[in-house]
$ cat data.csv   # CSV, C-alpha atoms and all ligand atoms
chain,number,residue,atom,x,y,z
N,1,MET,CA,-23.3,-5.6,45.1
N,2,SER,CA,-24.0,-8.5,47.4
N,3,ARG,CA,-23.4,-8.4,51.1
N,4,LYS,CA,-21.8,-11.1,53.2
N,5,CYS,CA,-23.2,-12.1,56.6
N,6,ARG,CA,-21.1,-11.0,59.5
N,7,ASP,CA,-22.0,-14.1,61.5
N,8,CYS,CA,-21.5,-16.9,59.0
N,9,GLY,CA,-20.2,-15.4,55.7
N,10,GLY,CA,-23.3,-16.5,53.8
N,11,SER,CA,-24.8,-14.2,51.2
N,12,MET,CA,-27.4,-11.6,52.3
N,13,ALA,CA,-30.5,-10.9,50.3
N,14,SER,CA,-32.3,-7.6,50.5
N,15,TYR,CA,-36.0,-7.1,51.3
N,16,ILE,CA,-38.3,-4.2,51.7
N,17,GLU,CA,-40.5,-4.9,54.8
N,18,ASP,CA,-42.3,-3.2,57.6
N,19,HIS,CA,-40.2,-3.4,60.7
N,20,GLN,CA,-41.3,-3.4,64.3
N,21,TYR,CA,-38.7,-1.1,65.8
N,22,VAL,CA,-38.2,-2.8,69.2
N,23,GLU,CA,-34.6,-1.5,69.1
N,24,CYS,CA,-35.8,1.9,70.2
N,25,GLY,CA,-37.4,0.4,73.3
N,26,LEU,CA,-41.0,1.1,72.1
N,27,SER,CA,-42.6,-2.2,71.0
N,28,TYR,CA,-45.4,-0.5,69.2
N,29,VAL,CA,-43.4,1.6,66.7
N,30,VAL,CA,-43.5,0.2,63.2
N,31,LEU,CA,-41.3,1.5,60.4
N,32,HIS,CA,-43.0,1.2,57.0
N,33,ALA,CA,-41.0,-0.2,54.0
N,34,ILE,CA,-37.6,-0.5,55.5
N,35,LYS,CA,-34.6,-2.1,53.7
N,36,LYS,CA,-33.5,-5.2,55.4
N,37,PHE,CA,-30.7,-7.7,54.6
N,38,ARG,CA,-31.2,-11.3,55.6
N,39,CYS,CA,-28.7,-14.0,55.5
N,40,GLU,CA,-29.9,-16.9,53.3
N,41,ARG,CA,-27.9,-19.4,55.3
N,42,CYS,CA,-28.3,-18.5,59.0
N,43,GLY,CA,-31.2,-16.0,58.9
N,44,SER,CA,-29.3,-13.2,60.6
N,45,GLU,CA,-30.7,-9.7,59.8
N,46,THR,CA,-29.4,-6.2,59.4
N,47,LEU,CA,-31.4,-3.0,58.9
N,48,GLN,CA,-30.8,0.1,57.0
N,49,ILE,CA,-32.3,3.0,58.8
N,50,PRO,CA,-31.6,6.4,57.0
N,51,GLN,CA,-31.6,9.6,59.0
N,52,GLN,CA,-31.9,8.0,62.4
N,53,ALA,CA,-31.7,11.4,64.3
N,54,GLN,CA,-34.7,12.6,62.3
N,55,LEU,CA,-36.6,9.4,63.0
N,56,HIS,CA,-36.0,9.7,66.7
N,57,ARG,CA,-37.1,13.4,66.6
N,58,SER,CA,-40.3,12.2,64.9
N,59,ILE,CA,-41.0,9.5,67.5
N,60,ALA,CA,-40.3,12.0,70.3
N,61,ASP,CA,-42.7,14.5,68.7
N,62,ALA,CA,-45.4,11.8,68.4
N,63,ILE,CA,-45.0,10.9,72.1
N,64,VAL,CA,-45.1,14.6,73.1
N,65,SER,CA,-48.3,15.3,71.1
N,66,SER,CA,-50.1,12.0,72.1
N,67,PRO,CA,-52.7,12.3,74.8
N,68,SER,CA,-51.5,9.0,76.2
N,69,ARG,CA,-49.8,8.9,79.6
N,70,LEU,CA,-46.1,8.4,79.7
N,71,GLY,CA,-45.1,4.9,80.7
N,72,GLY,CA,-41.6,3.6,81.5
N,73,PRO,CA,-40.6,2.9,77.9
N,74,GLU,CA,-41.7,6.4,76.7
N,75,ILE,CA,-39.9,8.1,79.6
N,76,LYS,CA,-36.7,6.1,78.8
N,77,PHE,CA,-37.0,7.0,75.2
N,78,LEU,CA,-37.4,10.7,75.9
N,79,ARG,CA,-34.6,10.6,78.4
N,80,SER,CA,-32.2,9.1,75.9
N,81,HIS,CA,-33.5,11.4,73.1
N,82,LEU,CA,-32.6,14.4,75.3
N,83,GLY,CA,-29.2,12.9,75.8
N,84,TRP,CA,-29.5,12.6,79.6
N,85,SER,CA,-28.1,10.0,82.0
N,86,ASN,CA,-30.5,9.1,84.8
N,87,GLN,CA,-28.6,11.5,87.1
N,88,GLN,CA,-29.1,14.4,84.7
N,89,PHE,CA,-32.7,13.4,84.2
N,90,ALA,CA,-33.3,13.4,88.0
N,91,ARG,CA,-31.6,16.9,88.3
N,92,MET,CA,-33.7,18.3,85.4
N,93,MET,CA,-36.9,17.0,86.9
N,94,GLY,CA,-36.0,18.0,90.4
N,95,VAL,CA,-36.4,14.5,91.9
N,96,SER,CA,-34.0,12.0,93.5
N,97,GLU,CA,-32.2,9.6,91.2
N,98,GLU,CA,-34.2,6.7,92.8
N,99,ALA,CA,-37.5,8.4,91.9
N,100,ALA,CA,-36.2,9.0,88.4
N,101,SER,CA,-35.2,5.4,88.0
N,102,ARG,CA,-38.6,4.2,89.3
N,103,TRP,CA,-40.3,6.3,86.6
N,104,ALA,CA,-38.1,4.9,83.8
N,105,SER,CA,-38.6,1.3,85.0
N,106,GLY,CA,-42.3,1.8,85.2
N,107,THR,CA,-42.5,0.9,88.9
N,108,ALA,CA,-43.8,4.4,89.7
N,109,THR,CA,-46.2,6.5,87.6
N,110,MET,CA,-45.2,10.0,86.8
N,111,GLY,CA,-47.5,12.7,88.1
N,112,GLY,CA,-49.3,15.2,85.8
N,113,PRO,CA,-47.0,18.2,86.4
N,114,SER,CA,-43.8,16.1,85.9
N,115,GLU,CA,-45.3,14.7,82.7
N,116,ARG,CA,-46.0,18.2,81.4
N,117,LEU,CA,-42.5,19.3,82.2
N,118,LEU,CA,-40.9,16.3,80.5
N,119,LYS,CA,-43.1,16.7,77.4
N,120,MET,CA,-42.2,20.4,77.2
N,121,LEU,CA,-38.5,19.7,77.5
N,122,ALA,CA,-38.7,17.0,74.9
N,123,ALA,CA,-40.6,19.3,72.6
N,124,ILE,CA,-37.8,21.8,72.9
N,125,GLY,CA,-34.8,19.5,73.0
N,126,PRO,CA,-32.3,18.0,72.5
N,127,ILE,CA,-30.2,21.2,72.8
N,128,ASP,CA,-26.6,21.1,71.7
N,129,GLN,CA,-24.5,22.1,74.7
N,130,GLU,CA,-22.2,24.2,72.6
N,131,PHE,CA,-23.3,26.4,69.7
N,132,GLU,CA,-21.0,26.2,66.7
N,133,ASP,CA,-18.8,29.1,66.0
N,134,PHE,CA,-20.2,29.7,62.6
N,135,GLU,CA,-22.9,32.4,62.6
N,136,ASP,CA,-25.1,30.7,60.0
N,137,GLN,CA,-25.3,27.5,62.2
N,138,LYS,CA,-25.9,29.6,65.2
N,139,SER,CA,-28.9,31.3,63.6
N,140,ALA,CA,-30.2,27.9,62.4
N,141,HIS,CA,-30.0,26.6,66.0
N,142,LEU,CA,-31.7,29.7,67.4
N,143,GLY,CA,-34.4,29.5,64.7
N,144,MET,CA,-35.2,25.9,65.7
N,145,LEU,CA,-35.2,26.8,69.3
N,146,GLN,CA,-37.6,29.7,68.7
N,147,HIS,CA,-39.9,27.4,66.7
N,148,ALA,CA,-39.8,24.8,69.5
N,149,ILE,CA,-40.6,27.3,72.2
N,150,THR,CA,-43.5,28.7,70.2
N,151,ARG,CA,-44.8,25.2,69.8
N,152,VAL,CA,-44.7,24.6,73.6
N,153,PHE,CA,-46.7,27.7,74.2
N,154,ALA,CA,-49.2,26.7,71.5
N,155,MET,CA,-49.5,23.2,73.2
N,156,LEU,CA,-50.2,24.8,76.5
N,157,ALA,CA,-52.7,27.3,75.1
N,158,ALA,CA,-54.6,24.6,73.3
N,159,ASP,CA,-54.7,22.4,76.4
N,160,GLU,CA,-52.9,19.7,74.5
N,161,LEU,CA,-51.1,18.5,77.6
N,162,ASP,CA,-54.4,18.1,79.5
N,163,ASN,CA,-57.0,15.4,79.4
N,164,LEU,CA,-54.3,12.6,79.3
N,165,THR,CA,-55.7,9.1,78.9
N,166,THR,CA,-54.3,5.8,79.8
N,167,LYS,CA,-54.8,4.5,76.3
N,168,SER,CA,-51.6,3.2,74.8
N,169,LEU,CA,-50.0,4.6,71.7
N,170,HIS,CA,-49.5,2.9,68.3
N,171,MET,CA,-47.3,4.4,65.8
N,172,LYS,CA,-46.4,3.7,62.2
N,173,LEU,CA,-43.8,5.8,60.4
N,174,ASN,CA,-43.5,6.0,56.6
N,175,ARG,CA,-40.3,6.5,54.7
N,176,ASP,CA,-40.0,10.3,55.4
N,177,TRP,CA,-40.6,9.5,59.1
N,178,ALA,CA,-44.0,11.1,59.3
N,179,PRO,CA,-45.8,9.3,62.1
N,180,GLN,CA,-49.4,8.0,61.9
N,181,LEU,CA,-50.8,7.5,65.4
N,182,ALA,CA,-53.5,5.3,66.7
N,183,ALA,CA,-54.6,4.8,70.2
N,184,ALA,CA,-55.6,1.3,71.4
N,201,ZN,ZN,-25.4,-15.9,58.2
$ encode --input "data.csv" --output "structure tokens"
Amino acid sequence: MSRKCRDCGGSMASYIEDHQYVECGLSYVVLHAIKKFRCERCGSETLQIPQQAQLHRSIADAIVSSPSRLGGPEIKFLRSHLGWSNQQFARMMGVSEEAASRWASGTATMGGPSERLLKMLAAIGPIDQEFEDFEDQKSAHLGMLQHAITRVFAMLAADELDNLTTKSLHMKLNRDWAPQLAAA
């Protein structure tokens, strides 16, 4: 079935291509072999990204386990992944809203202990505010939570959150959203 362009009504052709996922706010994330539709008349593009929640979970995990320092874009990504406004973020981190904004905009560098705390919260979250009534879903949530907390303790025990470097992160994700990381 052919698609019509939303901008000009022209016909869209589909391509499988690598996509630099700038939409997530991280310019270095590349999605491997993504289906794109491109208008043959005006060049307008649309993407088909399956399982976006899982993709964002993978990106957050990669940021958390990377030894790279958190810059503004990573902090903004994790804040939004955790579902927080700047106000909520400030409250969770125990700083003023102004200080939280300066981290997210990259005008101030996050200190080591704050970075640890954010990485730990991102490794655990996002947490649904209300558990579903169904028992089976509840136990699934609790299982995930237990797994996440175990992971945080393992990270701390393995000193994974120490020895942070200023190297920037490069990330390529294949179709099942398994990230390959490279530092540059
Ligand atoms: Zn078009």
$ closest_atom_pairs --input "data.csv" --of "region 106-171 of chain N" --to "region 53-74 of chain N" --cutoff "12 Å" --atoms "all atoms listed in the file" --output "CSV"
residue,atom,partner,partner_atom,distance
N:Gly106,CA,N:Gly72,CA,4.2
N:Thr107,CA,N:Gly72,CA,7.9
N:Ala108,CA,N:Gly72,CA,8.5
N:Thr109,CA,N:Gly71,CA,7.2
N:Met110,CA,N:Leu70,CA,7.3
N:Gly111,CA,N:Leu70,CA,9.5
N:Gly112,CA,N:Arg69,CA,8.9
N:Pro113,CA,N:Arg69,CA,11.9
N:Ser114,CA,N:Leu70,CA,10.1
N:Glu115,CA,N:Leu70,CA,7.0
N:Arg116,CA,N:Val64,CA,9.1
N:Leu117,CA,N:Val64,CA,10.6
N:Leu118,CA,N:Val64,CA,8.7
N:Lys119,CA,N:Val64,CA,5.2
N:Met120,CA,N:Val64,CA,7.7
N:Leu121,CA,N:Val64,CA,9.4
N:Ala122,CA,N:Ala60,CA,7.0
N:Ala123,CA,N:Val64,CA,6.5
N:Ile124,CA,N:Asp61,CA,9.7
N:Gly125,CA,N:Arg57,CA,9.1
N:Pro126,CA,N:Arg57,CA,8.9
N:Ala148,CA,N:Asp61,CA,10.7
N:Arg151,CA,N:Ser65,CA,10.6
N:Val152,CA,N:Val64,CA,10.0
N:Ala154,CA,N:Ser65,CA,11.4
N:Met155,CA,N:Ser65,CA,8.3
N:Leu156,CA,N:Ser65,CA,11.1
N:Ala158,CA,N:Ser65,CA,11.4
N:Asp159,CA,N:Pro67,CA,10.4
N:Glu160,CA,N:Ser65,CA,7.2
N:Leu161,CA,N:Pro67,CA,7.0
N:Asp162,CA,N:Pro67,CA,7.7
N:Asn163,CA,N:Pro67,CA,7.0
N:Leu164,CA,N:Pro67,CA,4.8
N:Thr165,CA,N:Ser68,CA,5.0
N:Thr166,CA,N:Arg69,CA,5.5
N:Lys167,CA,N:Ser68,CA,5.6
N:Ser168,CA,N:Ser68,CA,6.0
N:Leu169,CA,N:Ser68,CA,6.5
N:His170,CA,N:Ala62,CA,9.8
N:Met171,CA,N:Ala62,CA,8.1
$ atom_distance --input "data.csv" --atom1 "CA of Phe77 (chain N)" --atom2 "CA of Leu26 (chain N)"
7.8 Å
$ residues_near_point --input "data.csv" --point "(-35.2, -6.5, 52.3)" --cutoff "10 Å" --atoms "all atoms listed in the file" --output "tab-separated table (two decimals) with C-alpha atoms, keeping the file's coordinate frame"
chain	number	residue	atom	x	y	z
N	12	MET	CA	-27.40	-11.60	52.30
N	13	ALA	CA	-30.50	-10.90	50.30
N	14	SER	CA	-32.30	-7.60	50.50
N	15	TYR	CA	-36.00	-7.10	51.30
N	16	ILE	CA	-38.30	-4.20	51.70
N	17	GLU	CA	-40.50	-4.90	54.80
N	18	ASP	CA	-42.30	-3.20	57.60
N	33	ALA	CA	-41.00	-0.20	54.00
N	34	ILE	CA	-37.60	-0.50	55.50
N	35	LYS	CA	-34.60	-2.10	53.70
N	36	LYS	CA	-33.50	-5.20	55.40
N	37	PHE	CA	-30.70	-7.70	54.60
N	38	ARG	CA	-31.20	-11.30	55.60
N	45	GLU	CA	-30.70	-9.70	59.80
N	46	THR	CA	-29.40	-6.20	59.40
N	47	LEU	CA	-31.40	-3.00	58.90
N	48	GLN	CA	-30.80	0.10	57.00
$ residues_around --input "data.csv" --residues "region 84-86 of chain N" --least-positions-apart "2" --cutoff "7 Å" --atoms "only C-alpha atoms" --output "CSV table (one decimal) with C-alpha atoms, in the frame of the given file"
chain,number,residue,atom,x,y,z
N,79,ARG,CA,-34.6,10.6,78.4
N,80,SER,CA,-32.2,9.1,75.9
N,82,LEU,CA,-32.6,14.4,75.3
N,88,GLN,CA,-29.1,14.4,84.7
N,89,PHE,CA,-32.7,13.4,84.2
N,90,ALA,CA,-33.3,13.4,88.0
N,97,GLU,CA,-32.2,9.6,91.2
N,100,ALA,CA,-36.2,9.0,88.4
N,101,SER,CA,-35.2,5.4,88.0
$ closest_residue --input "data.csv" --among "N:Gln20, N:Ser2, N:Gln51, N:Ser44" --to "ligand ZN 201 (chain N)" --atoms "only C-alpha atoms and all ligand atoms"
N:Ser44
$ atom_distance --input "data.csv" --atom1 "CA of Leu142 (chain N)" --atom2 "CA of Pro179 (chain N)"
25.4 Å
$ closest_atom_pairs --input "data.csv" --of "chain N" --to "ligand ZN 201 (chain N)" --cutoff "6 Å" --atoms "only C-alpha atoms and all ligand atoms" --output "Markdown table"
| residue | atom | partner | partner_atom | distance |
| --- | --- | --- | --- | --- |
| N:Cys5 | CA | N:ZN201 | ZN | 4.7 |
| N:Asp7 | CA | N:ZN201 | ZN | 5.1 |
| N:Cys8 | CA | N:ZN201 | ZN | 4.1 |
| N:Gly9 | CA | N:ZN201 | ZN | 5.8 |
| N:Gly10 | CA | N:ZN201 | ZN | 4.9 |
| N:Cys39 | CA | N:ZN201 | ZN | 4.7 |
| N:Arg41 | CA | N:ZN201 | ZN | 5.2 |
| N:Cys42 | CA | N:ZN201 | ZN | 4.0 |
| N:Gly43 | CA | N:ZN201 | ZN | 5.8 |
| N:Ser44 | CA | N:ZN201 | ZN | 5.3 |
$ atom_distance --input "data.csv" --atom1 "CA of Leu173 (chain N)" --atom2 "CA of Ile49 (chain N)"
11.9 Å
$ closest_residue --input "data.csv" --among "N:Met92, N:Ala99, N:Ala140, N:Leu145" --to "Ile127 (chain N)" --atoms "all atoms listed in the file"
N:Leu145
$ axis_aligned_box --input "data.csv" --around "region 40-57 of chain N" --padding-each-side "6 Å" --output "lines of an AutoDock Vina configuration file"
center_x = -32.5
center_y = -3.0
center_z = 60.0
size_x = 21.2
size_y = 44.8
size_z = 25.4
$ closest_residue --input "data.csv" --among "N:Glu40, N:Gln52, N:Thr150, N:Gln87" --to "Tyr21 (chain N)" --atoms "all atoms listed in the file"
N:Gln52
$ decode --input "data.csv" --residues "region 52-161 of chain N" --atoms "C-alpha atoms" --output "short mmCIF file (atom, residue, chain, number, x, y, z; two decimals), in the first residue's frame"
data_model
loop_
_atom_site.label_atom_id
_atom_site.label_comp_id
_atom_site.auth_asym_id
_atom_site.auth_seq_id
_atom_site.Cartn_x
_atom_site.Cartn_y
_atom_site.Cartn_z
CA GLN N 52 9.78 3.33 21.27
CA ALA N 53 9.48 2.82 25.04
CA GLN N 54 11.87 -0.11 24.81
CA LEU N 55 14.24 1.93 22.63
CA HIS N 56 14.33 4.76 25.18
CA ARG N 57 14.88 2.24 27.98
CA SER N 58 17.89 0.90 26.03
CA ILE N 59 19.32 4.38 25.47
CA ALA N 60 18.87 5.23 29.17
CA ASP N 61 20.60 1.96 30.14
CA ALA N 62 23.49 2.74 27.81
CA ILE N 63 23.90 6.23 29.32
CA VAL N 64 23.77 4.79 32.83
CA SER N 65 26.38 2.12 32.15
CA SER N 66 28.68 4.40 30.16
CA PRO N 67 31.74 5.77 31.99
CA SER N 68 31.20 9.11 30.23
CA ARG N 69 30.23 12.14 32.28
CA LEU N 70 26.65 13.32 31.92
CA GLY N 71 26.32 16.44 29.80
CA GLY N 72 23.21 18.59 29.33
CA PRO N 73 21.69 16.41 26.57
CA GLU N 74 22.09 13.19 28.63
CA ILE N 75 20.62 14.86 31.73
CA LYS N 76 17.65 16.12 29.70
CA PHE N 77 17.15 12.68 28.15
CA LEU N 78 17.18 10.92 31.55
CA ARG N 79 14.89 13.58 33.08
CA SER N 80 12.33 13.04 30.34
CA HIS N 81 12.80 9.24 30.44
CA LEU N 82 11.95 9.35 34.14
CA GLY N 83 8.88 11.42 33.27
CA TRP N 84 9.90 14.43 35.35
CA SER N 85 9.34 18.13 34.84
CA ASN N 86 12.28 20.36 35.76
CA GLN N 87 10.51 21.07 39.05
CA GLN N 88 10.19 17.37 39.91
CA PHE N 89 13.76 16.76 38.80
CA ALA N 90 15.00 19.54 41.11
CA ARG N 91 13.04 18.10 44.03
CA MET N 92 14.32 14.56 43.43
CA MET N 93 17.92 15.77 43.23
CA GLY N 94 17.57 18.12 46.21
CA VAL N 95 18.61 21.27 44.37
CA SER N 96 16.91 24.50 43.32
CA GLU N 97 15.03 24.62 40.04
CA GLU N 98 17.60 27.10 38.76
CA ALA N 99 20.44 24.67 39.51
CA ALA N 100 18.53 21.83 37.82
CA SER N 101 17.97 23.98 34.72
CA ARG N 102 21.65 24.87 34.56
CA TRP N 103 22.54 21.14 34.54
CA ALA N 104 20.04 20.40 31.78
CA SER N 105 21.18 23.32 29.65
CA GLY N 106 24.82 22.37 30.12
CA THR N 107 25.75 25.73 31.69
CA ALA N 108 26.73 23.93 34.92
CA THR N 109 28.44 20.55 35.31
CA MET N 110 26.82 18.01 37.58
CA GLY N 111 29.02 16.95 40.50
CA GLY N 112 30.01 13.30 41.04
CA PRO N 113 27.50 12.46 43.81
CA SER N 114 24.59 14.03 41.89
CA GLU N 115 25.59 12.14 38.79
CA ARG N 116 25.62 8.88 40.75
CA LEU N 117 22.18 9.60 42.16
CA LEU N 118 20.69 10.40 38.74
CA LYS N 119 22.26 7.30 37.18
CA MET N 120 20.90 5.15 40.01
CA LEU N 121 17.40 6.61 39.68
CA ALA N 122 17.53 6.13 35.89
CA ALA N 123 18.66 2.51 36.35
CA ILE N 124 15.61 1.90 38.54
CA GLY N 125 12.99 4.01 36.79
CA PRO N 126 10.72 5.08 35.32
CA ILE N 127 8.33 3.90 38.00
CA ASP N 128 4.61 3.94 37.33
CA GLN N 129 2.99 6.08 39.97
CA GLU N 130 0.05 3.72 40.40
CA PHE N 131 0.30 -0.03 40.32
CA GLU N 132 -2.42 -1.74 38.35
CA ASP N 133 -5.10 -3.53 40.31
CA PHE N 134 -4.36 -6.85 38.66
CA GLU N 135 -2.14 -9.06 40.77
CA ASP N 136 -0.21 -10.49 37.81
CA GLN N 137 0.78 -7.00 36.61
CA LYS N 138 1.67 -6.00 40.12
CA SER N 139 4.06 -8.91 40.48
CA ALA N 140 5.57 -8.12 37.06
CA HIS N 141 6.20 -4.53 38.21
CA LEU N 142 7.71 -5.72 41.46
CA GLY N 143 9.90 -8.23 39.63
CA MET N 144 11.26 -5.46 37.37
CA LEU N 145 11.83 -3.22 40.35
CA GLN N 146 13.70 -5.93 42.22
CA HIS N 147 15.84 -6.60 39.15
CA ALA N 148 16.63 -2.88 38.81
CA ILE N 149 17.59 -2.47 42.45
CA THR N 150 19.80 -5.57 42.29
CA ARG N 151 21.47 -4.01 39.25
CA VAL N 152 22.11 -0.71 41.07
CA PHE N 153 23.81 -2.53 43.95
CA ALA N 154 25.88 -4.56 41.47
CA MET N 155 26.93 -1.32 39.72
CA LEU N 156 27.99 0.18 43.04
CA ALA N 157 29.84 -2.97 44.10
CA ALA N 158 31.70 -3.13 40.78
CA ASP N 159 32.66 0.57 41.00
CA GLU N 160 30.90 1.04 37.69
CA LEU N 161 29.89 4.54 38.67
#
